[in-house]
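Asker: I'm passing along my_file-v2.pdb; it holds PDB, C-alpha atoms and all ligand atoms.
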```
ATOM      1  CA  MET V   1     -28.054 -20.834   9.782
ATOM      2  CA  LYS V   2     -27.998 -17.051  10.002
ATOM      3  CA  THR V   3     -24.792 -15.969  11.713
ATOM      4  CA  LEU V   4     -23.410 -12.640  12.837
ATOM      5  CA  ILE V   5     -19.642 -12.366  12.597
ATOM      6  CA  LEU V   6     -18.266  -9.513  14.674
ATOM      7  CA  GLY V   7     -15.185  -8.517  12.767
ATOM      8  CA  GLY V   8     -12.459  -6.021  12.105
ATOM      9  CA  THR V   9      -9.834  -8.768  11.824
ATOM     10  CA  ARG V  10      -8.280 -11.041   9.228
ATOM     11  CA  GLU V  11      -9.855 -14.053  10.954
ATOM     12  CA  ALA V  12     -13.343 -12.557  10.630
ATOM     13  CA  ARG V  13     -12.816 -11.911   6.917
ATOM     14  CA  ASP V  14     -11.477 -15.409   6.324
ATOM     15  CA  LEU V  15     -14.415 -16.996   8.142
ATOM     16  CA  ALA V  16     -16.920 -14.876   6.191
ATOM     17  CA  ASP V  17     -15.144 -15.926   3.018
ATOM     18  CA  ILE V  18     -15.466 -19.639   3.817
ATOM     19  CA  ALA V  19     -18.992 -19.614   5.231
ATOM     20  CA  SER V  20     -20.581 -17.258   2.687
ATOM     21  CA  GLY V  21     -19.996 -19.746  -0.111
ATOM     22  CA  GLU V  22     -21.595 -22.662   1.754
ATOM     23  CA  ARG V  23     -25.166 -23.760   1.249
ATOM     24  CA  GLY V  24     -27.280 -23.363   4.361
ATOM     25  CA  PHE V  25     -25.260 -20.481   5.780
ATOM     26  CA  GLU V  26     -26.252 -16.842   5.749
ATOM     27  CA  ILE V  27     -23.547 -14.533   7.051
ATOM     28  CA  VAL V  28     -23.664 -10.902   8.151
ATOM     29  CA  SER V  29     -20.337  -9.322   9.100
ATOM     30  CA  SER V  30     -20.202  -6.344  11.417
ATOM     31  CA  LEU V  31     -17.540  -3.644  11.605
ATOM     32  CA  ALA V  32     -17.282  -0.893  14.193
ATOM     33  CA  GLY V  33     -16.624   1.727  11.512
ATOM     34  CA  ARG V  34     -13.474   3.148  13.083
ATOM     35  CA  VAL V  35     -11.112   2.745  10.150
ATOM     36  CA  ARG V  36     -11.705   5.175   7.274
ATOM     37  CA  GLU V  37     -11.055   2.694   4.496
ATOM     38  CA  PRO V  38     -11.593  -0.749   6.002
ATOM     39  CA  VAL V  39     -10.751  -3.976   4.220
ATOM     40  CA  LEU V  40     -14.266  -5.354   3.718
ATOM     41  CA  PRO V  41     -15.270  -9.003   4.139
ATOM     42  CA  VAL V  42     -17.195 -10.703   1.337
ATOM     43  CA  GLY V  43     -20.973 -10.872   1.648
ATOM     44  CA  ASP V  44     -23.330  -8.753   3.704
ATOM     45  CA  VAL V  45     -21.667  -6.163   5.902
ATOM     46  CA  ARG V  46     -23.144  -3.748   8.407
ATOM     47  CA  VAL V  47     -21.088  -0.911   9.911
ATOM     48  CA  GLY V  48     -21.304   0.958  13.247
ATOM     49  CA  GLY V  49     -22.062   0.248  16.903
ATOM     50  CA  PHE V  50     -25.305  -1.462  17.908
ATOM     51  CA  GLY V  51     -25.967   0.750  20.920
ATOM     52  CA  GLY V  52     -24.703  -1.371  23.803
ATOM     53  CA  VAL V  53     -26.063  -4.722  24.964
ATOM     54  CA  ASP V  54     -29.699  -3.685  24.482
ATOM     55  CA  GLY V  55     -29.090  -2.427  20.955
ATOM     56  CA  LEU V  56     -27.240  -5.596  20.052
ATOM     57  CA  ARG V  57     -30.008  -7.776  21.506
ATOM     58  CA  GLU V  58     -32.585  -5.899  19.493
ATOM     59  CA  TRP V  59     -30.511  -6.222  16.331
ATOM     60  CA  LEU V  60     -29.996  -9.972  16.837
ATOM     61  CA  VAL V  61     -33.729 -10.536  17.295
ATOM     62  CA  GLY V  62     -34.710  -8.225  14.442
ATOM     63  CA  ASN V  63     -32.348  -9.948  12.047
ATOM     64  CA  ARG V  64     -33.255 -13.481  13.216
ATOM     65  CA  ILE V  65     -29.631 -14.342  14.040
ATOM     66  CA  GLU V  66     -29.101 -17.919  15.181
ATOM     67  CA  ALA V  67     -25.407 -17.855  16.142
ATOM     68  CA  VAL V  68     -22.773 -15.223  16.937
ATOM     69  CA  VAL V  69     -19.068 -15.474  16.181
ATOM     70  CA  ASP V  70     -17.002 -12.860  17.971
ATOM     71  CA  ALA V  71     -13.896 -12.655  15.801
ATOM     72  CA  THR V  72     -12.958  -9.158  16.945
ATOM     73  CA  HIS V  73      -9.450  -8.086  17.874
ATOM     74  CA  PRO V  74      -8.157  -9.583  21.168
ATOM     75  CA  PHE V  75      -8.187  -6.059  22.673
ATOM     76  CA  ALA V  76     -11.767  -5.215  21.641
ATOM     77  CA  GLU V  77     -13.013  -5.866  25.161
ATOM     78  CA  GLY V  78     -16.290  -3.934  25.054
ATOM     79  CA  ILE V  79     -17.939  -5.573  22.058
ATOM     80  CA  THR V  80     -16.739  -9.009  23.227
ATOM     81  CA  ALA V  81     -18.436  -8.527  26.593
ATOM     82  CA  ASN V  82     -21.600  -7.171  24.948
ATOM     83  CA  ALA V  83     -21.769 -10.092  22.542
ATOM     84  CA  ALA V  84     -21.439 -12.612  25.371
ATOM     85  CA  VAL V  85     -24.179 -10.967  27.446
ATOM     86  CA  ALA V  86     -26.605 -10.302  24.579
ATOM     87  CA  ALA V  87     -26.246 -13.777  23.077
ATOM     88  CA  ALA V  88     -26.592 -15.506  26.471
ATOM     89  CA  SER V  89     -29.745 -13.558  27.269
ATOM     90  CA  LEU V  90     -31.312 -14.800  24.017
ATOM     91  CA  GLY V  91     -30.009 -18.350  24.385
ATOM     92  CA  LEU V  92     -27.885 -17.991  21.232
ATOM     93  CA  PRO V  93     -24.615 -19.896  20.859
ATOM     94  CA  VAL V  94     -21.579 -17.610  20.798
ATOM     95  CA  LEU V  95     -18.023 -18.439  19.868
ATOM     96  CA  HIS V  96     -14.952 -16.274  20.460
ATOM     97  CA  VAL V  97     -12.132 -16.565  17.932
ATOM     98  CA  ARG V  98      -8.802 -15.462  19.410
ATOM     99  CA  ARG V  99      -5.588 -16.031  17.527
ATOM    100  CA  PRO V 100      -2.755 -17.183  19.839
ATOM    101  CA  GLY V 101      -0.718 -14.469  21.529
ATOM    102  CA  TRP V 102       3.005 -13.971  20.904
ATOM    103  CA  HIS V 103       5.666 -15.803  22.872
ATOM    104  CA  GLU V 104       9.117 -14.675  23.825
ATOM    105  CA  ARG V 105      11.985 -16.303  21.941
ATOM    106  CA  ASP V 106      15.730 -16.503  22.509
ATOM    107  CA  GLY V 107      17.211 -13.033  22.204
ATOM    108  CA  ASP V 108      13.973 -11.205  23.064
ATOM    109  CA  ARG V 109      14.005  -8.575  25.801
ATOM    110  CA  TRP V 110      10.348  -8.244  26.717
ATOM    111  CA  VAL V 111       8.728  -6.514  29.659
ATOM    112  CA  ARG V 112       5.189  -7.872  30.041
ATOM    113  CA  VAL V 113       2.668  -5.427  31.509
ATOM    114  CA  PRO V 114      -1.046  -5.799  32.272
ATOM    115  CA  ASP V 115      -2.356  -2.620  30.626
ATOM    116  CA  LEU V 116      -1.607   0.694  28.918
ATOM    117  CA  GLY V 117      -0.950   2.590  32.169
ATOM    118  CA  ALA V 118       1.613   0.014  33.233
ATOM    119  CA  ALA V 119       3.202   0.220  29.777
ATOM    120  CA  ALA V 120       3.665   3.995  30.152
ATOM    121  CA  GLU V 121       5.238   3.475  33.593
ATOM    122  CA  ALA V 122       7.523   0.722  32.296
ATOM    123  CA  LEU V 123       9.161   3.150  29.844
ATOM    124  CA  ALA V 124      11.188   4.891  32.541
ATOM    125  CA  GLY V 125      14.766   3.744  32.182
ATOM    126  CA  LEU V 126      14.262   1.963  28.853
ATOM    127  CA  GLY V 127      15.217   4.901  26.637
ATOM    128  CA  ASP V 128      14.052   8.199  25.167
ATOM    129  CA  HIS V 129      12.984   7.121  21.659
ATOM    130  CA  VAL V 130       9.828   4.996  21.801
ATOM    131  CA  PHE V 131       8.134   3.193  18.907
ATOM    132  CA  LEU V 132       4.447   3.106  19.903
ATOM    133  CA  THR V 133       2.598   0.571  17.810
ATOM    134  CA  ILE V 134      -0.664  -0.065  19.671
ATOM    135  CA  GLY V 135      -3.107   1.189  17.032
ATOM    136  CA  ARG V 136      -4.991   4.456  17.219
ATOM    137  CA  GLN V 137      -6.675   3.821  20.560
ATOM    138  CA  GLY V 138      -4.984   4.204  23.927
ATOM    139  CA  VAL V 139      -2.228   6.601  22.856
ATOM    140  CA  ALA V 140      -3.493   9.111  25.442
ATOM    141  CA  ALA V 141      -2.079   6.845  28.183
ATOM    142  CA  PHE V 142       1.373   8.078  27.052
ATOM    143  CA  ALA V 143       0.439  11.774  26.800
ATOM    144  CA  ASP V 144       2.282  12.757  29.984
ATOM    145  CA  SER V 145       5.503  10.967  29.123
ATOM    146  CA  GLY V 146       8.534  13.140  28.468
ATOM    147  CA  ALA V 147       9.928  10.659  25.923
ATOM    148  CA  TRP V 148       9.883  11.089  22.137
ATOM    149  CA  PHE V 149       7.394   8.796  20.359
ATOM    150  CA  LEU V 150       7.140   7.439  16.859
ATOM    151  CA  ILE V 151       3.407   6.642  16.756
ATOM    152  CA  ARG V 152       2.335   4.300  13.963
ATOM    153  CA  ALA V 153      -1.346   3.673  13.240
ATOM    154  CA  ILE V 154      -3.634   3.213  10.233
ATOM    155  CA  ASP V 155      -5.695   6.317  11.049
ATOM    156  CA  PRO V 156      -4.804   9.262  13.323
ATOM    157  CA  PRO V 157      -4.977   8.396  17.037
ATOM    158  CA  GLU V 158      -7.747   9.774  19.212
ATOM    159  CA  GLY V 159      -7.262  11.786  22.409
ATOM    160  CA  ALA V 160      -4.228  13.579  23.814
ATOM    161  CA  LEU V 161      -0.824  12.763  22.327
ATOM    162  CA  PRO V 162       2.631  12.936  23.922
ATOM    163  CA  LYS V 163       4.233  16.384  23.463
ATOM    164  CA  ARG V 164       7.197  15.044  21.526
ATOM    165  CA  HIS V 165       6.101  12.723  18.769
ATOM    166  CA  GLU V 166       6.030  11.927  15.081
ATOM    167  CA  LEU V 167       2.916  10.371  13.562
ATOM    168  CA  LEU V 168       3.375   7.681  10.939
ATOM    169  CA  LEU V 169       0.121   6.672   9.244
ATOM    170  CA  ALA V 170       0.619   3.302   7.600
ATOM    171  CA  ARG V 171      -1.109  -0.041   7.179
ATOM    172  CA  GLY V 172       0.874  -3.290   7.478
ATOM    173  CA  PRO V 173       2.002  -5.883   6.901
ATOM    174  CA  PHE V 174       5.611  -4.668   7.112
ATOM    175  CA  SER V 175       8.661  -6.798   6.367
ATOM    176  CA  VAL V 176      11.411  -7.439   8.892
ATOM    177  CA  ALA V 177      13.821  -5.460   6.692
ATOM    178  CA  GLU V 178      11.419  -2.481   6.660
ATOM    179  CA  GLU V 179      10.982  -2.643  10.421
ATOM    180  CA  ILE V 180      14.715  -2.843  11.060
ATOM    181  CA  ALA V 181      15.286   0.148   8.772
ATOM    182  CA  LEU V 182      12.579   2.129  10.589
ATOM    183  CA  LEU V 183      13.924   1.311  14.056
ATOM    184  CA  ARG V 184      17.424   2.307  12.995
ATOM    185  CA  LYS V 185      16.424   5.494  11.174
ATOM    186  CA  ARG V 186      14.392   6.812  14.123
ATOM    187  CA  ARG V 187      17.030   5.591  16.634
ATOM    188  CA  ILE V 188      14.374   3.658  18.560
ATOM    189  CA  ASP V 189      15.334   2.533  22.097
ATOM    190  CA  VAL V 190      12.148   0.651  23.011
ATOM    191  CA  VAL V 191       9.052  -0.732  21.263
ATOM    192  CA  VAL V 192       5.591  -0.694  22.871
ATOM    193  CA  THR V 193       2.957  -3.056  21.498
ATOM    194  CA  LYS V 194      -0.170  -4.994  22.414
ATOM    195  CA  ASP V 195       0.003  -8.785  22.438
ATOM    196  CA  SER V 196      -2.220  -8.935  19.365
ATOM    197  CA  GLY V 197      -0.623 -12.122  18.040
ATOM    198  CA  GLY V 198      -0.642 -13.176  14.405
ATOM    199  CA  ALA V 199       1.931 -13.116  11.640
ATOM    200  CA  LEU V 200       0.787  -9.886   9.975
ATOM    201  CA  THR V 201       2.314  -7.549  12.545
ATOM    202  CA  GLU V 202       5.019  -9.780  13.960
ATOM    203  CA  ALA V 203       7.941  -8.371  11.957
ATOM    204  CA  LYS V 204       8.471  -5.536  14.451
ATOM    205  CA  LEU V 205       9.203  -8.129  17.152
ATOM    206  CA  THR V 206      11.753  -9.902  14.965
ATOM    207  CA  ALA V 207      13.341  -6.546  14.152
ATOM    208  CA  ALA V 208      13.552  -5.594  17.842
ATOM    209  CA  ARG V 209      15.125  -8.999  18.647
ATOM    210  CA  GLU V 210      17.719  -8.610  15.920
ATOM    211  CA  LEU V 211      18.647  -5.125  17.105
ATOM    212  CA  GLY V 212      18.565  -6.072  20.828
ATOM    213  CA  ILE V 213      15.839  -3.500  21.525
ATOM    214  CA  PRO V 214      13.482  -4.106  24.488
ATOM    215  CA  VAL V 215       9.747  -4.544  23.890
ATOM    216  CA  VAL V 216       7.034  -3.523  26.335
ATOM    217  CA  MET V 217       4.321  -6.113  25.655
ATOM    218  CA  ILE V 218       0.806  -5.303  26.846
ATOM    219  CA  ASP V 219      -1.135  -8.427  27.900
ATOM    220  CA  ARG V 220      -4.582  -9.178  26.487
ATOM    221  CA  PRO V 221      -7.716  -8.608  28.507
ATOM    222  CA  ALA V 222      -9.383 -11.842  29.659
ATOM    223  CA  LEU V 223     -12.408 -13.246  27.825
ATOM    224  CA  PRO V 224     -15.737 -13.277  29.695
ATOM    225  CA  ASP V 225     -16.182 -16.143  32.197
ATOM    226  CA  GLY V 226     -17.246 -19.376  30.557
ATOM    227  CA  ALA V 227     -16.504 -18.127  27.035
ATOM    228  CA  VAL V 228     -16.180 -20.808  24.354
ATOM    229  CA  GLN V 229     -12.968 -20.026  22.513
ATOM    230  CA  VAL V 230     -11.043 -21.280  19.480
ATOM    231  CA  GLU V 231      -7.751 -20.045  18.055
ATOM    232  CA  THR V 232      -8.148 -20.609  14.339
ATOM    233  CA  VAL V 233     -10.564 -19.927  11.513
ATOM    234  CA  ALA V 234     -10.647 -23.651  10.716
ATOM    235  CA  ALA V 235     -11.798 -24.434  14.271
ATOM    236  CA  ALA V 236     -14.399 -21.662  14.088
ATOM    237  CA  TRP V 237     -15.743 -23.100  10.849
ATOM    238  CA  ASP V 238     -15.939 -26.574  12.440
ATOM    239  CA  TRP V 239     -17.909 -25.066  15.319
ATOM    240  CA  LEU V 240     -20.303 -23.301  12.939
ATOM    241  CA  ARG V 241     -20.880 -26.421  10.877
ATOM    242  CA  SER V 242     -21.556 -28.471  13.989
ATOM    243  CA  ARG V 243     -24.369 -26.164  15.118
TER     244      ARG V 243
HETATM  245  P1  LIG V 301     -14.472  -2.143  21.781
HETATM  246  O1  LIG V 301     -13.800  -1.157  22.649
HETATM  247  O2  LIG V 301     -14.591  -3.533  22.229
HETATM  248  O3  LIG V 301     -15.934  -1.655  21.396
HETATM  249  C1  LIG V 301     -16.429  -0.374  21.702
HETATM  250  C2  LIG V 301     -17.751  -0.225  20.973
HETATM  251  O4  LIG V 301     -17.546  -0.177  19.564
HETATM  252  C3  LIG V 301     -18.681  -1.416  21.167
HETATM  253  O5  LIG V 301     -19.378  -1.330  22.390
HETATM  254  C4  LIG V 301     -19.562  -1.301  19.962
HETATM  255  O6  LIG V 301     -20.446  -0.216  20.080
HETATM  256  C5  LIG V 301     -18.578  -0.884  18.885
HETATM  257  N1  LIG V 301     -18.001  -2.022  18.170
HETATM  258  C6  LIG V 301     -16.774  -2.590  18.359
HETATM  259  N2  LIG V 301     -16.578  -3.573  17.476
HETATM  260  C7  LIG V 301     -17.693  -3.632  16.721
HETATM  261  C8  LIG V 301     -18.064  -4.449  15.615
HETATM  262  N3  LIG V 301     -17.250  -5.388  15.116
HETATM  263  N4  LIG V 301     -19.293  -4.233  15.068
HETATM  264  C9  LIG V 301     -20.120  -3.283  15.575
HETATM  265  N5  LIG V 301     -19.800  -2.479  16.600
HETATM  266  C10 LIG V 301     -18.600  -2.657  17.164
HETATM  267  O7  LIG V 301     -13.787  -2.188  20.341
HETATM  268  P2  LIG V 301     -12.478  -1.470  19.832
HETATM  269  O8  LIG V 301     -11.317  -1.957  20.609
HETATM  270  O9  LIG V 301     -12.787  -0.007  19.726
HETATM  271  O10 LIG V 301     -12.376  -2.100  18.378
HETATM  272  C11 LIG V 301     -13.269  -1.683  17.362
HETATM  273  C12 LIG V 301     -13.116  -2.605  16.168
HETATM  274  O11 LIG V 301     -11.798  -2.528  15.669
HETATM  275  C13 LIG V 301     -13.395  -4.062  16.496
HETATM  276  O12 LIG V 301     -14.260  -4.558  15.517
HETATM  277  C14 LIG V 301     -12.041  -4.732  16.463
HETATM  278  O13 LIG V 301     -12.101  -6.048  15.941
HETATM  279  C15 LIG V 301     -11.227  -3.814  15.564
HETATM  280  N6  LIG V 301      -9.820  -3.707  15.971
HETATM  281  C16 LIG V 301      -9.516  -3.328  17.253
HETATM  282  C17 LIG V 301      -8.176  -3.238  17.624
HETATM  283  C18 LIG V 301      -7.780  -2.877  19.041
HETATM  284  O14 LIG V 301      -6.561  -2.803  19.316
HETATM  285  N7  LIG V 301      -8.707  -2.661  19.964
HETATM  286  C19 LIG V 301      -7.182  -3.520  16.682
HETATM  287  C20 LIG V 301      -7.540  -3.914  15.381
HETATM  288  C21 LIG V 301      -8.876  -3.984  15.044
HETATM  289  P3  LIG V 301     -21.944  -0.407  20.608
HETATM  290  O15 LIG V 301     -21.835  -0.579  22.089
HETATM  291  O16 LIG V 301     -22.625   0.843  20.188
HETATM  292  O17 LIG V 301     -22.502  -1.630  19.945
END
```
Mind turning the file's structure into structure tokens?
Ligand code: NAP
Answerer:
Amino acid sequence: MKTLILGGTREARDLADIASGERGFEIVSSLAGRVREPVLPVGDVRVGGFGGVDGLREWLVGNRIEAVVDATHPFAEGITANAAVAAASLGLPVLHVRRPGWHERDGDRWVRVPDLGAAAEALAGLGDHVFLTIGRQGVAAFADSGAWFLIRAIDPPEGALPKRHELLLARGPFSVAEEIALLRKRRIDVVVTKDSGGALTEAKLTAARELGIPVVMIDRPALPDGAVQVETVAAAWDWLRSR
């Protein structure tokens, strides 16, 4: 069973790890190539875009792929859509792995917004010192804001940046104690994040709760219509084995 795992996430690496060691499975993982020093999955890895739906179709045929697992980040909307269209046009089974999103708990002060533009608008009235932790993409949506931003990402963000900002290049996971210290030191009034879900980057939410700081939470884009979805690596592995 030759399977393409579209990755860039912990789930994709874990699935490649499990499936690569199993008889009867041949796995190729794919990364977009955005991060300078990516954490690589085990086994065969290819890096870089395919060239849209047509390029992906061609690659799937040329590499005799029999199943596609889209285990990309919940906000990687483009490749998810391309995978659904390309796989459907070839009659290939495709599974989307999406870890559960985060849920508000007692003490949280969240403002849920549908997208980056709405997140920038929601900042008015929430404070002048913003902790922007949305990754390196999408920061330009905040470029016109007059607020001061602490921008944390693994690699430098692309596009225009807000006039007043500090860039913090760092790769998680971060502990709650580290996050609390950071929020205090930079006198953060409000945190902006995507609803990525998962434990690895959750500490900032706990820190904000403990300090009573509001969080602007950007909702995930929807999966393509009719998408088959699971939430865990174990469920994805069950699906693969049942093919
Ligand atoms: P995107 O907007 O959905 O994709 C844009 C283009 O990048 C795709 O059309 C495709 O190019 C290429 N691409 C994306 N993921 C790819 C993959 N796994 N393998 C090969 N090509 C890929 O994606 P994105 O939001 O820029 O995310 C890029 C990668 O970073 C994804 O793999 C994702 O899992 C990871 N990531 C994203 C975020 C986030 O917040 N968006 C956070 C953490 C990790 P072609 O059209 O040329 O094929």
Asker: Which residues fall under the PyMOL selection byres (((chain V and resi 111) around 7) and not hetatm) in this file, as a ChimeraX atom specification?
Answerer: /V:109-110,112-113,215-217
Asker: Go through V:Arg136, V:Arg152, V:Arg186, V:His165 and flag the residue nearest ligand LIG 301 (chain V), using only C-alpha atoms and all ligand atoms for the distances.
Answerer: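 Smallest distance to ligand LIG 301 (chain V) is found for V:Arg136.
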Asker: Tell me, as a PyMOL selection string, which residues lie within 10 Å of V:His96, counting only C-alpha atoms; anything in the same chain fewer than 2 positions away does not count.
Answerer: chain V and resi 5-6+68-72+74+80+83-84+94+98-99+223-224+227-231+236
Asker: Taking only C-alpha atoms and all ligand atoms into account, which residues are within 9 Å of ligand LIG 301 (chain V), as an NGL selection string?
Answerer: :V and (5-9 or 12 or 29-35 or 46-56 or 70-83 or 134-138 or 194 or 196)
Asker: Can you report as JSON the centre and edge lengths in Å, to one decimal, of an axis-aligned box around the listed atoms of stretch 215-223 of chain V padded with 3 Å on each side?
Answerer:
```
{"center_x": -1.3, "center_y": -8.4, "center_z": 26.8, "size_x": 28.2, "size_y": 15.7, "size_z": 11.8}
```
Asker: Nearest to V:Leu200: which of V:Ala177, V:Gly21, V:Gly172, V:Leu182 is it, counting all atoms listed in the file?
Answerer: V:Gly172
Asker: So that I can see what lies close to V:Ala203, please list as a list in words the residues with an atom at most 8 Å from it, counting all atoms listed in the file and leaving out residues fewer than 2 positions away in the same chain.
Answerer: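 Everything that qualifies: Phe174, Ser175, Val176, Glu179, Ala199, Leu200, Thr201, Leu205, Thr206 and Ala207 of chain V.
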Asker: Step by step, work through what the PyMOL selection byres (((chain V and resi 17) around 12) and not hetatm) selects in the shown file, and finish by giving those residues as a list in words.
Answerer: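 Output from the PyMOL selection byres (((chain V and resi 17) around 12) and not hetatm), applied to this file: Ile5, Arg10, Glu11, Ala12, Arg13, Asp14, Leu15, Ala16, Ile18, Ala19, Ser20, Gly21, Glu22, Phe25, Glu26, Ile27, Val28, Ser29, Leu40, Pro41, Val42, Gly43, Asp44, Val233, Ala234 and Trp237 of chain V.
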Asker: Quick one, how far is atom CA of V:Ala67 from atom CA of V:Met1?
Answerer: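 Rounded to one decimal, the two atoms are 7.5 Å apart.
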